[in-house]
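S.K.: Sharing run23.cif below, mmCIF, C-alpha atoms:
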data_target
loop_
_atom_site.label_atom_id
_atom_site.label_comp_id
_atom_site.auth_asym_id
_atom_site.auth_seq_id
_atom_site.Cartn_x
_atom_site.Cartn_y
_atom_site.Cartn_z
CA MET A 1 304.35 128.38 147.92
CA ASP A 2 303.13 127.67 151.43
CA LEU A 3 299.78 129.06 150.46
CA LEU A 4 299.64 126.73 147.47
CA ASP A 5 300.53 123.76 149.65
CA PHE A 6 297.83 124.71 152.10
CA PHE A 7 295.31 125.04 149.28
CA LEU A 8 296.24 121.67 147.80
CA ARG A 9 296.11 119.99 151.18
CA SER A 10 292.67 121.43 151.80
CA ARG A 11 291.43 120.21 148.45
CA GLU A 12 292.84 116.79 149.13
CA ALA A 13 291.19 116.69 152.55
CA GLU A 14 287.84 117.64 151.03
CA ARG A 15 288.13 114.92 148.42
CA ALA A 16 288.99 112.36 151.08
CA LEU A 17 286.00 113.38 153.15
CA GLU A 18 283.73 113.06 150.16
CA GLN A 19 285.07 109.59 149.44
CA ALA A 20 284.39 108.58 153.03
CA ARG A 21 280.76 109.58 152.76
CA ALA A 22 279.49 106.20 151.52
CA ARG A 23 281.34 104.30 154.22
CA LEU A 24 280.13 106.62 156.95
CA TYR A 25 276.59 106.31 155.65
CA ARG A 26 276.72 102.53 155.59
CA VAL A 27 277.83 102.35 159.21
CA ALA A 28 275.41 105.06 160.32
CA TYR A 29 272.59 103.18 158.63
CA ALA A 30 273.65 99.95 160.35
CA TRP A 31 273.45 101.79 163.68
CA CYS A 32 270.06 103.42 163.28
CA HIS A 33 268.37 101.63 160.36
CA SER A 34 266.89 104.88 159.17
CA ALA A 35 268.07 106.25 155.84
CA ALA A 36 267.03 109.79 156.74
CA LEU A 37 268.72 109.79 160.12
CA ALA A 38 271.85 108.13 158.73
CA ASP A 39 272.05 110.78 156.03
CA ASP A 40 271.66 113.56 158.58
CA LEU A 41 274.34 112.06 160.79
CA VAL A 42 276.76 111.79 157.89
CA GLN A 43 276.09 115.38 156.85
CA GLU A 44 276.74 116.55 160.37
CA THR A 45 279.86 114.40 160.62
CA LEU A 46 281.31 115.77 157.40
CA ALA A 47 280.49 119.33 158.34
CA LYS A 48 282.26 118.92 161.67
CA ALA A 49 285.17 117.15 160.00
CA LEU A 50 285.59 120.02 157.55
CA ARG A 51 285.53 122.56 160.35
CA LYS A 52 288.05 120.59 162.37
CA SER A 53 290.20 119.29 159.53
CA SER A 54 293.16 121.30 160.76
CA GLN A 55 293.17 119.21 163.93
CA LEU A 56 293.95 116.05 161.98
CA ARG A 57 297.73 115.70 162.02
CA ASP A 58 298.13 112.13 160.86
CA GLN A 59 296.29 111.55 157.60
CA LYS A 60 296.54 107.78 158.12
CA ALA A 61 294.33 108.13 161.16
CA ARG A 62 291.65 109.92 159.14
CA ASP A 63 289.24 106.99 159.04
CA ALA A 64 289.23 106.42 162.78
CA TRP A 65 288.95 110.18 163.31
CA LEU A 66 285.92 110.42 161.03
CA PHE A 67 284.16 107.53 162.67
CA THR A 68 284.89 109.03 166.08
CA ILE A 69 283.05 112.16 164.97
CA LEU A 70 280.22 110.02 163.64
CA ALA A 71 279.94 108.15 166.96
CA ASN A 72 279.84 111.48 168.79
CA CYS A 73 277.15 112.84 166.48
CA TYR A 74 275.13 109.71 167.02
CA ARG A 75 275.52 109.96 170.78
CA ASP A 76 274.54 113.62 170.70
CA HIS A 77 271.48 112.81 168.63
CA PHE A 78 270.22 110.42 171.24
CA ARG A 79 271.09 112.79 174.04
CA LYS A 80 268.85 115.36 172.39
CA THR A 81 265.99 113.02 171.66
CA ARG A 82 266.15 110.51 174.47
CA GLU A 83 267.60 112.30 177.42
CA MET A 84 266.52 109.67 179.89
CA ASP A 85 267.91 106.64 178.08
CA ASP A 86 271.32 105.10 178.41
CA ILE A 87 272.61 104.90 174.87
CA ASP A 88 274.46 101.69 175.59
CA GLU A 89 271.21 99.95 176.33
CA ILE A 90 269.12 101.26 173.47
CA GLU A 91 267.69 98.72 171.10
CA ILE A 92 266.09 99.84 167.89
CA SER A 93 262.37 99.20 168.06
CA HIS A 94 262.59 96.82 165.19
CA GLU A 95 260.07 94.33 166.41
CA THR A 96 260.38 92.01 163.50
CA THR A 97 262.14 89.05 164.99
CA PRO A 98 264.49 86.85 163.05
CA GLU A 99 261.77 84.22 163.18
CA SER A 100 259.20 86.49 161.61
CA GLU A 101 261.73 87.74 159.13
CA SER A 102 262.47 84.21 158.07
CA SER A 103 259.18 84.19 156.26
CA ARG A 104 260.85 86.56 153.86
CA THR A 105 263.25 85.06 151.49
CA GLU A 106 265.71 87.87 151.85
CA ILE A 107 268.67 87.05 153.97
CA VAL A 108 269.55 90.73 154.11
CA GLY A 109 266.37 91.55 155.95
CA LEU A 110 266.96 88.72 158.33
CA VAL A 111 270.46 89.87 159.25
CA ARG A 112 269.42 93.50 159.57
CA ALA A 113 266.58 92.55 161.87
CA THR A 114 269.01 90.61 164.01
CA ILE A 115 271.46 93.50 164.17
CA ALA A 116 268.62 95.86 165.01
CA ARG A 117 267.77 93.78 168.03
CA LEU A 118 271.23 94.03 169.50
CA PRO A 119 271.82 96.65 172.20
CA GLN A 120 273.22 99.83 170.73
CA ALA A 121 276.69 99.42 172.17
CA GLN A 122 277.07 95.92 170.77
CA ARG A 123 275.67 96.98 167.41
CA GLN A 124 278.24 99.74 167.11
CA VAL A 125 281.15 97.46 167.90
CA VAL A 126 280.12 94.64 165.61
CA THR A 127 279.47 96.94 162.66
CA LEU A 128 282.72 98.87 163.06
CA VAL A 129 284.67 95.62 163.15
CA ASP A 130 282.78 93.72 160.47
CA LEU A 131 281.89 96.50 158.04
CA GLU A 132 284.89 98.75 158.32
CA GLY A 133 287.47 96.24 159.47
CA PHE A 134 288.69 98.45 162.29
CA SER A 135 291.05 96.85 164.78
CA TYR A 136 289.88 96.45 168.35
CA VAL A 137 292.23 99.25 169.38
CA GLU A 138 290.72 101.61 166.83
CA VAL A 139 287.18 100.72 167.88
CA SER A 140 288.15 101.35 171.46
CA GLN A 141 289.38 104.83 170.47
CA ILE A 142 286.36 105.58 168.30
CA LEU A 143 283.84 104.64 170.95
CA GLU A 144 286.00 105.80 173.84
CA VAL A 145 285.73 102.56 175.76
CA PRO A 146 288.45 100.17 177.03
CA ILE A 147 289.60 97.49 174.61
CA GLY A 148 288.38 94.79 177.00
CA THR A 149 284.92 96.27 176.72
CA VAL A 150 285.17 96.19 172.93
CA MET A 151 286.09 92.50 173.06
CA SER A 152 283.34 91.55 175.46
CA ARG A 153 280.72 93.53 173.54
CA LEU A 154 281.78 91.96 170.29
CA CYS A 155 281.68 88.54 171.86
CA ARG A 156 278.22 89.07 173.32
CA ALA A 157 276.96 90.53 170.07
CA ARG A 158 278.12 87.60 168.00
CA ASN A 159 276.82 85.07 170.51
CA ALA A 160 273.43 86.79 170.43
CA MET A 161 273.48 86.91 166.64
CA LYS A 162 274.42 83.28 166.46
CA ALA A 163 271.56 82.34 168.75
CA MET A 164 269.03 84.44 166.82
CA LEU A 165 270.26 84.16 163.30
CA LEU A 166 271.63 80.72 162.63
CA PRO A 167 268.53 78.75 163.72
CA ALA A 168 266.34 81.10 161.69
CA MET A 169 268.59 80.68 158.69
CA GLN A 170 268.36 76.92 158.88
CA GLN A 171 264.59 77.29 158.56
CA ASN A 172 264.88 79.79 155.76
CA PRO A 173 264.89 78.07 152.42
CA ALA A 174 266.45 81.12 150.80
CA THR A 175 269.69 80.55 152.65
CA ASN A 176 269.84 76.91 151.75
CA ARG A 177 269.34 77.55 148.10
CA ALA A 178 272.12 76.04 146.07
CA ILE A 179 273.93 78.10 143.50
CA ARG A 180 272.57 77.10 140.16
CA ARG A 181 274.57 79.36 138.02
CA VAL A 182 277.50 81.64 138.42
CA LYS A 183 277.34 84.72 136.24
CA MET B 1 291.90 71.78 180.34
CA SER B 2 289.90 71.32 177.15
CA LYS B 3 290.64 73.31 174.06
CA GLU B 4 287.25 74.96 174.23
CA THR B 5 288.01 76.41 177.63
CA ARG B 6 291.56 77.31 176.68
CA PHE B 7 290.31 79.23 173.68
CA SER B 8 287.79 81.62 175.12
CA ASP B 9 285.06 83.17 172.99
CA GLU B 10 286.96 86.44 173.08
CA PHE B 11 290.08 84.71 171.80
CA LEU B 12 288.21 83.00 168.98
CA ASN B 13 286.67 86.31 167.95
CA ALA B 14 290.09 87.93 167.96
CA PHE B 15 291.42 85.00 165.94
CA VAL B 16 288.72 85.43 163.30
CA ASP B 17 289.25 89.20 163.22
CA ASP B 18 293.00 88.79 162.90
CA GLN B 19 293.64 90.67 166.11
CA ILE B 20 296.24 88.40 167.66
CA ALA B 21 299.97 88.26 167.08
CA ALA B 22 301.18 86.22 164.14
CA GLU B 23 303.06 83.69 166.24
CA GLU B 24 300.13 83.08 168.53
CA LYS B 25 297.81 82.86 165.58
CA SER B 26 299.82 80.17 163.84
CA HIS B 27 299.92 78.15 167.03
CA ALA B 28 296.18 78.56 167.54
CA TYR B 29 295.51 77.76 163.91
CA THR B 30 297.18 74.37 164.28
CA GLU B 31 295.17 73.49 167.34
CA ILE B 32 291.88 74.78 166.01
CA SER B 33 292.22 72.96 162.73
CA GLN B 34 292.65 69.70 164.65
CA ASP B 35 289.54 70.18 166.75
CA GLU B 36 286.16 69.80 165.11
CA ALA B 37 284.18 71.79 167.67
CA LEU B 38 286.58 74.71 167.60
CA ASN B 39 286.64 74.56 163.85
CA ARG B 40 282.89 74.82 163.75
CA GLN B 41 282.92 77.78 166.13
CA VAL B 42 285.42 79.61 163.97
CA CYS B 43 283.41 78.84 160.84
CA GLU B 44 280.26 80.19 162.46
CA LEU B 45 282.02 83.39 163.48
CA ARG B 46 283.33 83.89 159.95
CA LYS B 47 279.90 83.21 158.58
CA LEU B 48 278.40 85.85 160.87
CA ARG B 49 280.97 88.39 159.75
CA ASP B 50 280.23 87.64 156.11
CA LEU B 51 276.52 87.97 156.73
CA VAL B 52 276.92 91.38 158.36
CA GLN B 53 278.96 92.55 155.38
CA LEU B 54 276.36 91.18 153.00
CA ALA B 55 273.49 92.80 154.88
CA TYR B 56 274.92 96.30 154.54
CA ARG B 57 276.67 96.01 151.22
CA GLU B 58 273.92 98.07 149.63
CA PRO B 59 272.11 100.10 152.26
CA PRO B 60 269.09 102.11 151.12
CA ALA B 61 270.23 105.21 149.26
CA PRO B 62 270.21 108.44 151.25
CA LEU B 63 266.84 109.99 150.75
CA ALA B 64 266.38 113.38 149.19
CA ARG B 65 263.54 115.82 149.27
CA THR B 66 261.24 115.56 146.32
CA ALA B 67 260.28 118.99 145.18
CA GLY B 68 256.82 120.00 144.24
CA GLN B 69 254.87 117.30 145.95
CA ASN B 70 253.85 119.09 149.06
CA SER B 71 251.83 121.84 147.52
CA HIS B 72 249.71 119.43 145.57
CA GLN B 73 248.61 117.41 148.53
CA THR B 74 244.93 117.71 149.11
CA ARG B 75 244.09 117.19 152.72
CA LEU B 76 240.89 115.38 153.51
CA ARG B 77 238.82 116.62 156.38
CA PHE B 78 237.47 114.21 158.93
CA GLY B 79 236.76 115.02 162.57
CA VAL B 80 234.79 112.18 164.02
CA ALA B 81 237.21 109.55 165.11
CA ALA B 82 239.61 111.57 167.16
CA SER B 83 237.04 112.45 169.81
CA VAL B 84 236.21 108.78 170.19
CA LEU B 85 239.90 108.03 170.32
CA LEU B 86 240.18 110.51 173.17
CA THR B 87 237.50 108.71 175.09
CA LEU B 88 239.03 105.34 174.39
CA GLY B 89 242.40 106.57 175.53
CA PHE B 90 241.01 107.62 178.85
CA VAL B 91 238.90 104.49 179.13
CA LEU B 92 241.93 102.29 178.66
CA GLY B 93 243.99 104.41 181.01
CA ASN B 94 241.33 104.34 183.69
CA GLN B 95 240.76 100.65 183.31
CA ILE B 96 244.41 99.90 183.71
CA ARG B 97 244.69 102.18 186.70
CA MET B 98 241.55 100.92 188.42
CA PRO B 99 240.75 97.49 187.05
CA ALA B 100 238.39 96.64 189.89
CA THR B 101 236.13 99.64 189.46
CA ALA B 102 234.34 100.94 186.45
CA PRO B 103 235.55 104.43 185.54
CA SER B 104 233.02 107.18 185.30
CA VAL B 105 233.41 108.04 181.65
CA THR B 106 229.98 109.02 180.51
CA ALA B 107 230.59 111.32 177.61
CA VAL B 108 230.02 108.64 175.01
CA PRO B 109 227.53 105.93 175.86
CA ALA B 110 229.18 103.50 173.48
CA ALA B 111 232.44 103.88 175.37
CA THR B 112 230.70 103.12 178.65
CA THR B 113 229.50 99.95 177.07
CA GLN B 114 233.07 99.18 176.22
CA ASN B 115 234.09 99.64 179.83
CA ASP B 116 231.61 96.98 180.79
CA GLU B 117 233.02 94.76 178.12
CA ILE B 118 236.52 95.27 179.38
CA ALA B 119 235.51 94.67 182.96
CA ASN B 120 233.78 91.51 181.92
CA ARG B 121 236.74 90.50 179.77
CA VAL B 122 234.71 90.18 176.65
CA ALA B 123 237.15 89.77 173.84
CA SER B 124 234.95 90.38 170.85
CA PRO B 125 235.23 93.97 169.67
CA GLN B 126 232.23 96.15 168.97
CA PRO B 127 232.31 99.06 166.57
CA VAL B 128 232.07 102.31 168.47
CA ALA B 129 231.73 104.76 165.67
CA ALA B 130 231.81 104.73 161.95
CA VAL B 131 235.51 105.38 161.85
CA THR B 132 237.02 104.09 165.07
CA THR B 133 237.03 100.44 165.95
CA PRO B 134 238.98 98.93 168.82
CA VAL B 135 239.92 95.48 167.74
CA VAL B 136 242.37 93.76 169.94
CA ALA B 137 242.00 91.84 173.17
CA ARG B 138 241.50 94.70 175.54
CA ASN B 139 240.98 92.29 178.36
CA GLU B 140 244.57 91.20 178.09
CA ILE B 141 245.95 94.56 179.00
CA LEU B 142 244.10 94.53 182.29
CA GLY B 143 246.38 91.85 183.62
CA MET B 144 249.56 93.32 182.20
CA THR B 145 252.10 95.20 184.23
CA THR B 146 253.12 97.30 181.23
CA SER B 147 250.30 98.83 179.25
CA LYS B 148 250.89 98.63 175.53
CA VAL B 149 248.81 100.55 173.08
CA LEU B 150 249.16 100.61 169.32
CA ILE B 151 247.50 103.48 167.50
CA HIS B 152 247.00 102.99 163.82
CA LEU B 153 246.78 106.01 161.52
CA ALA B 154 245.97 105.40 157.90
CA ARG B 155 244.52 108.77 156.85
CA ASP B 156 245.99 112.18 156.36
CA ASP B 157 243.26 114.46 157.54
CA ALA B 158 244.98 117.29 159.41
CA ASP B 159 242.26 117.78 162.03
CA GLN B 160 242.04 114.12 162.67
CA LEU B 161 245.79 113.74 163.01
CA SER B 162 245.99 116.75 165.29
CA GLN B 163 243.38 115.31 167.59
CA ALA B 164 244.97 111.88 167.42
CA LEU B 165 248.23 113.44 168.62
CA ASP B 166 246.24 115.12 171.39
CA GLU B 167 245.02 111.73 172.46
CA VAL B 168 248.46 110.19 172.28
CA GLU B 169 249.79 112.96 174.48
CA SER B 170 246.90 112.68 176.92
CA LEU B 171 247.40 108.97 177.18
CA LEU B 172 251.13 109.27 177.78
CA LYS B 173 250.58 112.05 180.29
CA HIS B 174 248.03 109.97 182.11
CA TYR B 175 250.38 107.02 182.34
CA ARG B 176 253.17 109.24 183.58
CA GLU B 177 251.04 110.94 186.20
CA THR B 178 249.73 107.64 187.46
CA ARG B 179 253.26 106.21 187.41
CA GLN B 180 252.29 103.35 185.17
CA SER B 181 254.68 101.58 182.90
CA ALA B 182 253.39 101.93 179.37
CA ARG B 183 254.41 101.83 175.75
CA VAL B 184 252.60 103.58 172.98
CA GLU B 185 253.34 102.92 169.33
CA VAL B 186 251.86 104.97 166.54
CA VAL B 187 251.87 102.95 163.34
CA VAL B 188 251.35 104.92 160.14
CA ASN B 189 250.67 103.48 156.74
CA GLY B 190 248.76 104.43 153.62
CA LYS B 191 247.93 108.11 153.69
CA GLY B 192 248.78 108.21 157.37
CA LEU B 193 252.42 108.23 156.31
CA GLU B 194 252.02 111.95 155.55
CA LEU B 195 252.16 112.53 159.29
CA VAL B 196 255.78 111.47 159.56
CA ARG B 197 257.17 112.63 156.23
CA ILE B 198 259.48 115.62 156.36
CA GLU B 199 257.95 117.01 153.22
CA THR B 200 254.34 116.76 154.25
CA SER B 201 254.05 116.59 158.01
CA ALA B 202 252.20 119.49 159.54
CA PHE B 203 253.21 118.26 162.98
CA ALA B 204 256.95 117.73 162.71
CA GLY B 205 257.78 119.92 165.68
CA ARG B 206 255.11 118.40 167.82
CA ILE B 207 256.14 114.85 167.01
CA GLN B 208 259.72 115.60 167.88
CA ARG B 209 258.67 117.23 171.12
CA LEU B 210 256.59 114.20 172.04
CA GLN B 211 259.49 111.91 171.26
CA ARG B 212 261.75 114.02 173.44
CA GLU B 213 259.32 114.08 176.32
CA TYR B 214 258.20 110.48 176.20
CA ALA B 215 260.81 107.79 175.69
CA ASN B 216 258.05 105.19 175.69
CA LEU B 217 256.50 106.60 172.51
CA THR B 218 257.43 105.23 169.11
CA PHE B 219 256.40 106.35 165.67
CA ALA B 220 256.68 103.54 163.13
CA ALA B 221 256.25 103.95 159.38
CA CYS B 222 255.29 101.19 156.98
CA GLN B 223 258.09 100.30 154.57
CA ASN B 224 255.59 98.85 152.10
CA THR B 225 253.90 102.24 151.82
CA ILE B 226 257.26 103.95 151.39
CA ASP B 227 258.19 101.50 148.66
CA ARG B 228 254.84 101.92 146.97
CA LEU B 229 255.18 105.70 146.90
CA ALA B 230 258.61 105.33 145.32
CA ARG B 231 257.37 102.81 142.81
CA GLU B 232 254.05 104.33 141.78
CA GLN B 233 254.49 108.04 142.35
CA LYS B 234 258.29 108.34 142.21
CA ILE B 235 258.25 109.94 145.63
CA ILE B 236 261.36 109.45 147.72
CA VAL B 237 260.19 109.50 151.29
CA ARG B 238 262.17 111.19 154.05
CA LEU B 239 260.96 110.45 157.53
CA LEU B 240 261.15 112.74 160.51
CA PRO B 241 264.08 112.05 162.84
CA GLY B 242 263.41 109.27 165.28
CA VAL B 243 260.68 107.67 163.20
CA ILE B 244 261.49 104.03 162.63
CA THR B 245 260.45 101.87 159.72
CA ILE B 246 258.74 98.54 159.98
CA ASP B 247 258.46 96.02 157.19
CA SER B 248 254.69 96.28 156.94
CA GLY B 249 252.07 98.21 158.90
CA MET B 250 249.63 95.36 158.80
CA ALA B 251 252.25 92.81 159.80
CA GLU B 252 253.20 95.05 162.73
CA ILE B 253 249.60 95.23 163.85
CA MET B 254 249.32 91.47 163.73
CA ARG B 255 252.56 91.07 165.65
CA ARG B 256 251.40 93.49 168.32
CA HIS B 257 248.06 91.78 168.42
CA ASN B 258 249.76 88.49 169.15
CA GLN B 259 251.82 90.17 171.84
CA GLY B 260 248.68 91.39 173.58
CA TRP B 261 248.78 95.07 172.66
CA ALA B 262 245.64 97.13 172.70
CA TYR B 263 244.82 98.41 169.25
CA LEU B 264 243.14 101.65 168.29
CA GLN B 265 242.43 102.42 164.70
CA VAL B 266 241.77 105.91 163.48
#
Starting from the coordinates I provided, produce the structure as structure tokens.
M.R.:
Amino acid sequence: MDLLDFFLRSREAERALEQARARLYRVAYAWCHSAALADDLVQETLAKALRKSSQLRDQKARDAWLFTILANCYRDHFRKTREMDDIDEIEISHETTPESESSRTEIVGLVRATIARLPQAQRQVVTLVDLEGFSYVEVSQILEVPIGTVMSRLCRARNAMKAMLLPAMQQNPATNRAIRRVK
Amino acid sequence: MSKETRFSDEFLNAFVDDQIAAEEKSHAYTEISQDEALNRQVCELRKLRDLVQLAYREPPAPLARTAGQNSHQTRLRFGVAASVLLTLGFVLGNQIRMPATAPSVTAVPAATTQNDEIANRVASPQPVAAVTTPVVARNEILGMTTSKVLIHLARDDADQLSQALDEVESLLKHYRETRQSARVEVVVNGKGLELVRIETSAFAGRIQRLQREYANLTFAACQNTIDRLAREQKIIVRLLPGVITIDSGMAEIMRRHNQGWAYLQV
């Protein structure tokens, strides 16, 4: 009976991990803006999570646990490839500015370009809060930084986004387009 | 004390993210709703949050290898431009290091002519060889504290790419040895994209090694080319780790041009 329970729990854990894949990928992509790298990071995260699944005692904490592994994988990736850089200061070399992006009509591109220009540490905080709805406490645990740091990073990130994004959006006719039809 | 100073930015963010206690929130809600400026701040924060959610609601699908495309790639063979690129790399490096004196690069007479042009700050580019043409304001880099060089690859000839990587490495090594601040960006589009595709790159290991060794080196792939491959040839492109995408190779070149980067086309 114990063996059956163990088997069922394992199957359930695997299913849960698989369901988390899309969410992990979305956040990983928001961090690195590379589909290939995001996919690799998610694969690595899930592989590690499967190996360490026995360590997870509280199933309710699974999400935060998974994103902690993802954050570690991401940090390790940059340690391997950019040994001399401080990850907290890395900006993605996405040189399209919000201004230049405003020539596009796609608001999505505009926002992504703005996020890409944020320092890495701020980008991680703002995406974990906004995309995944993690509490500040959870983000602090995932990124292993004090909660005050989470709050100040989030604040700086949003101020920077506001300064870059909102003026560009006012110039972008796509964002001012009125809804003509619903459905 | 004004309400703006009483409600710090951190507090307003926590308010929007529902991170404060219910009692405090209801109190703050009353005050914020009575103050137009605070109201606007809260609205802007909510708008930002919505925009972030919108921007990543549908991220690009994870890319998968496309089988059977690699073996059919026919590699063109060109060998002319890379040697000129080598010379240009050293010319630029020497000029930046010793702007007051003309470097003694004599291997290619045309390049020596370029040195004179650079020294004289002549902006108009002259074609050096049939394939390689420096285009951008070389004179600008002489006065810059950080040297910035964009190398544009639009072909997939293996020899040419190999030599181009040689030149990139030589350039970066030169800057490092002479303790100069520099940034080098390799922009690939068209057939040059083969260089940074997992499925087709013959230099994956070398590119990754260069990226590891030189933090000031960036490989940037043109999203338009990636989209075109998907659309016209049904090829799903996977890029090597660390290779970033840019909206358009040509747009990137123009942006860099406006920012005063030196431009080398292969």
S.K.: Tell me, counting all atoms listed in the file, for each residue of chain B within 8 Å of chain A, which pair of atoms is nearest and how far apart they are in Å to one decimal, in rows ordered by chain and increasing number, as CSV.
M.R.:
residue,atom,partner,partner_atom,distance
B:Asp9,CA,A:Cys155,CA,6.4
B:Glu10,CA,A:Cys155,CA,5.8
B:Asn13,CA,A:Cys155,CA,6.7
B:Ala14,CA,A:Met151,CA,7.9
B:Asp17,CA,A:Val129,CA,7.9
B:Gln19,CA,A:Ser135,CA,6.8
B:Glu44,CA,A:Lys162,CA,7.7
B:Leu45,CA,A:Arg158,CA,7.3
B:Leu48,CA,A:Lys162,CA,7.3
B:Arg49,CA,A:Asp130,CA,5.7
B:Asp50,CA,A:Asp130,CA,7.9
B:Leu51,CA,A:Val111,CA,6.8
B:Val52,CA,A:Asp130,CA,6.7
B:Gln53,CA,A:Leu131,CA,5.6
B:Leu54,CA,A:Val108,CA,6.9
B:Ala55,CA,A:Val108,CA,4.5
B:Tyr56,CA,A:Arg26,CA,6.6
B:Arg57,CA,A:Arg26,CA,7.8
B:Glu58,CA,A:Arg26,CA,8.0
B:Pro59,CA,A:Arg26,CA,6.2
B:Pro60,CA,A:Ala35,CA,6.4
B:Ala61,CA,A:Ala35,CA,7.0
B:Pro62,CA,A:Ala35,CA,5.5
B:Leu63,CA,A:Ala36,CA,6.0
B:Gln208,CA,A:Thr81,CA,7.8
B:Gln211,CA,A:Thr81,CA,6.6
B:Arg212,CA,A:Thr81,CA,4.7
B:Glu213,CA,A:Arg82,CA,7.9
B:Ala215,CA,A:Arg82,CA,6.1
B:Thr218,CA,A:Ser93,CA,7.9
B:Arg238,CA,A:Ala36,CA,5.7
B:Leu239,CA,A:Ala36,CA,6.2
B:Leu240,CA,A:Ala36,CA,7.6
B:Pro241,CA,A:Leu37,CA,5.8
B:Gly242,CA,A:Leu37,CA,7.4
B:Val243,CA,A:Ser34,CA,7.9
B:Ile244,CA,A:Ser34,CA,6.5
B:Thr245,CA,A:Ser34,CA,7.1
B:Ile246,CA,A:His94,CA,6.7
B:Asp247,CA,A:Thr96,CA,7.7
B:Glu252,CA,A:Glu95,CA,7.8
S.K.: What gap, in Å, lies between CA of Glu185 in chain B and CA of Thr225 in chain B?
M.R.: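 The value is 17.5 Å.
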S.K.: Using the chain letters and numbers from this file, what does the PyMOL selection byres ((chain A and resi 44) around 12) select? Give the answer as a ChimeraX atom specification.
M.R.: /A:21,24-25,28,37-43,45-51,66-67,69-74,76-77
S.K.: Can you list, as a short mmCIF file (atom, residue, chain, number, x, y, z; two decimals) with C-alpha atoms, in the frame of the given file, the residues that the PyMOL selection byres ((chain A and resi 64) around 9) selects here?
M.R.:
data_model
loop_
_atom_site.label_atom_id
_atom_site.label_comp_id
_atom_site.auth_asym_id
_atom_site.auth_seq_id
_atom_site.Cartn_x
_atom_site.Cartn_y
_atom_site.Cartn_z
CA LYS A 60 296.54 107.78 158.12
CA ALA A 61 294.33 108.13 161.16
CA ARG A 62 291.65 109.92 159.14
CA ASP A 63 289.24 106.99 159.04
CA TRP A 65 288.95 110.18 163.31
CA LEU A 66 285.92 110.42 161.03
CA PHE A 67 284.16 107.53 162.67
CA THR A 68 284.89 109.03 166.08
CA ILE A 69 283.05 112.16 164.97
CA PHE A 134 288.69 98.45 162.29
CA GLU A 138 290.72 101.61 166.83
CA VAL A 139 287.18 100.72 167.88
CA GLN A 141 289.38 104.83 170.47
CA ILE A 142 286.36 105.58 168.30
#
S.K.: Using CA of Lys148 in chain B and CA of Arg183 in chain B as the two end points, give the distance in Å to one decimal.
M.R.: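 The value is 4.8 Å.
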S.K.: What separation in Å, quoted to one decimal, exists between CA of Phe15 in chain B and CA of Leu118 in chain A?
M.R.: 22.4 Å
S.K.: Evaluated on this file, the PyMOL selection byres ((chain B and resi 155) around 9) picks out some residues - which ones are they, written as number ranges by chain?
M.R.: B: 76, 153-154, 156-158, 160-161, 188-195, 266
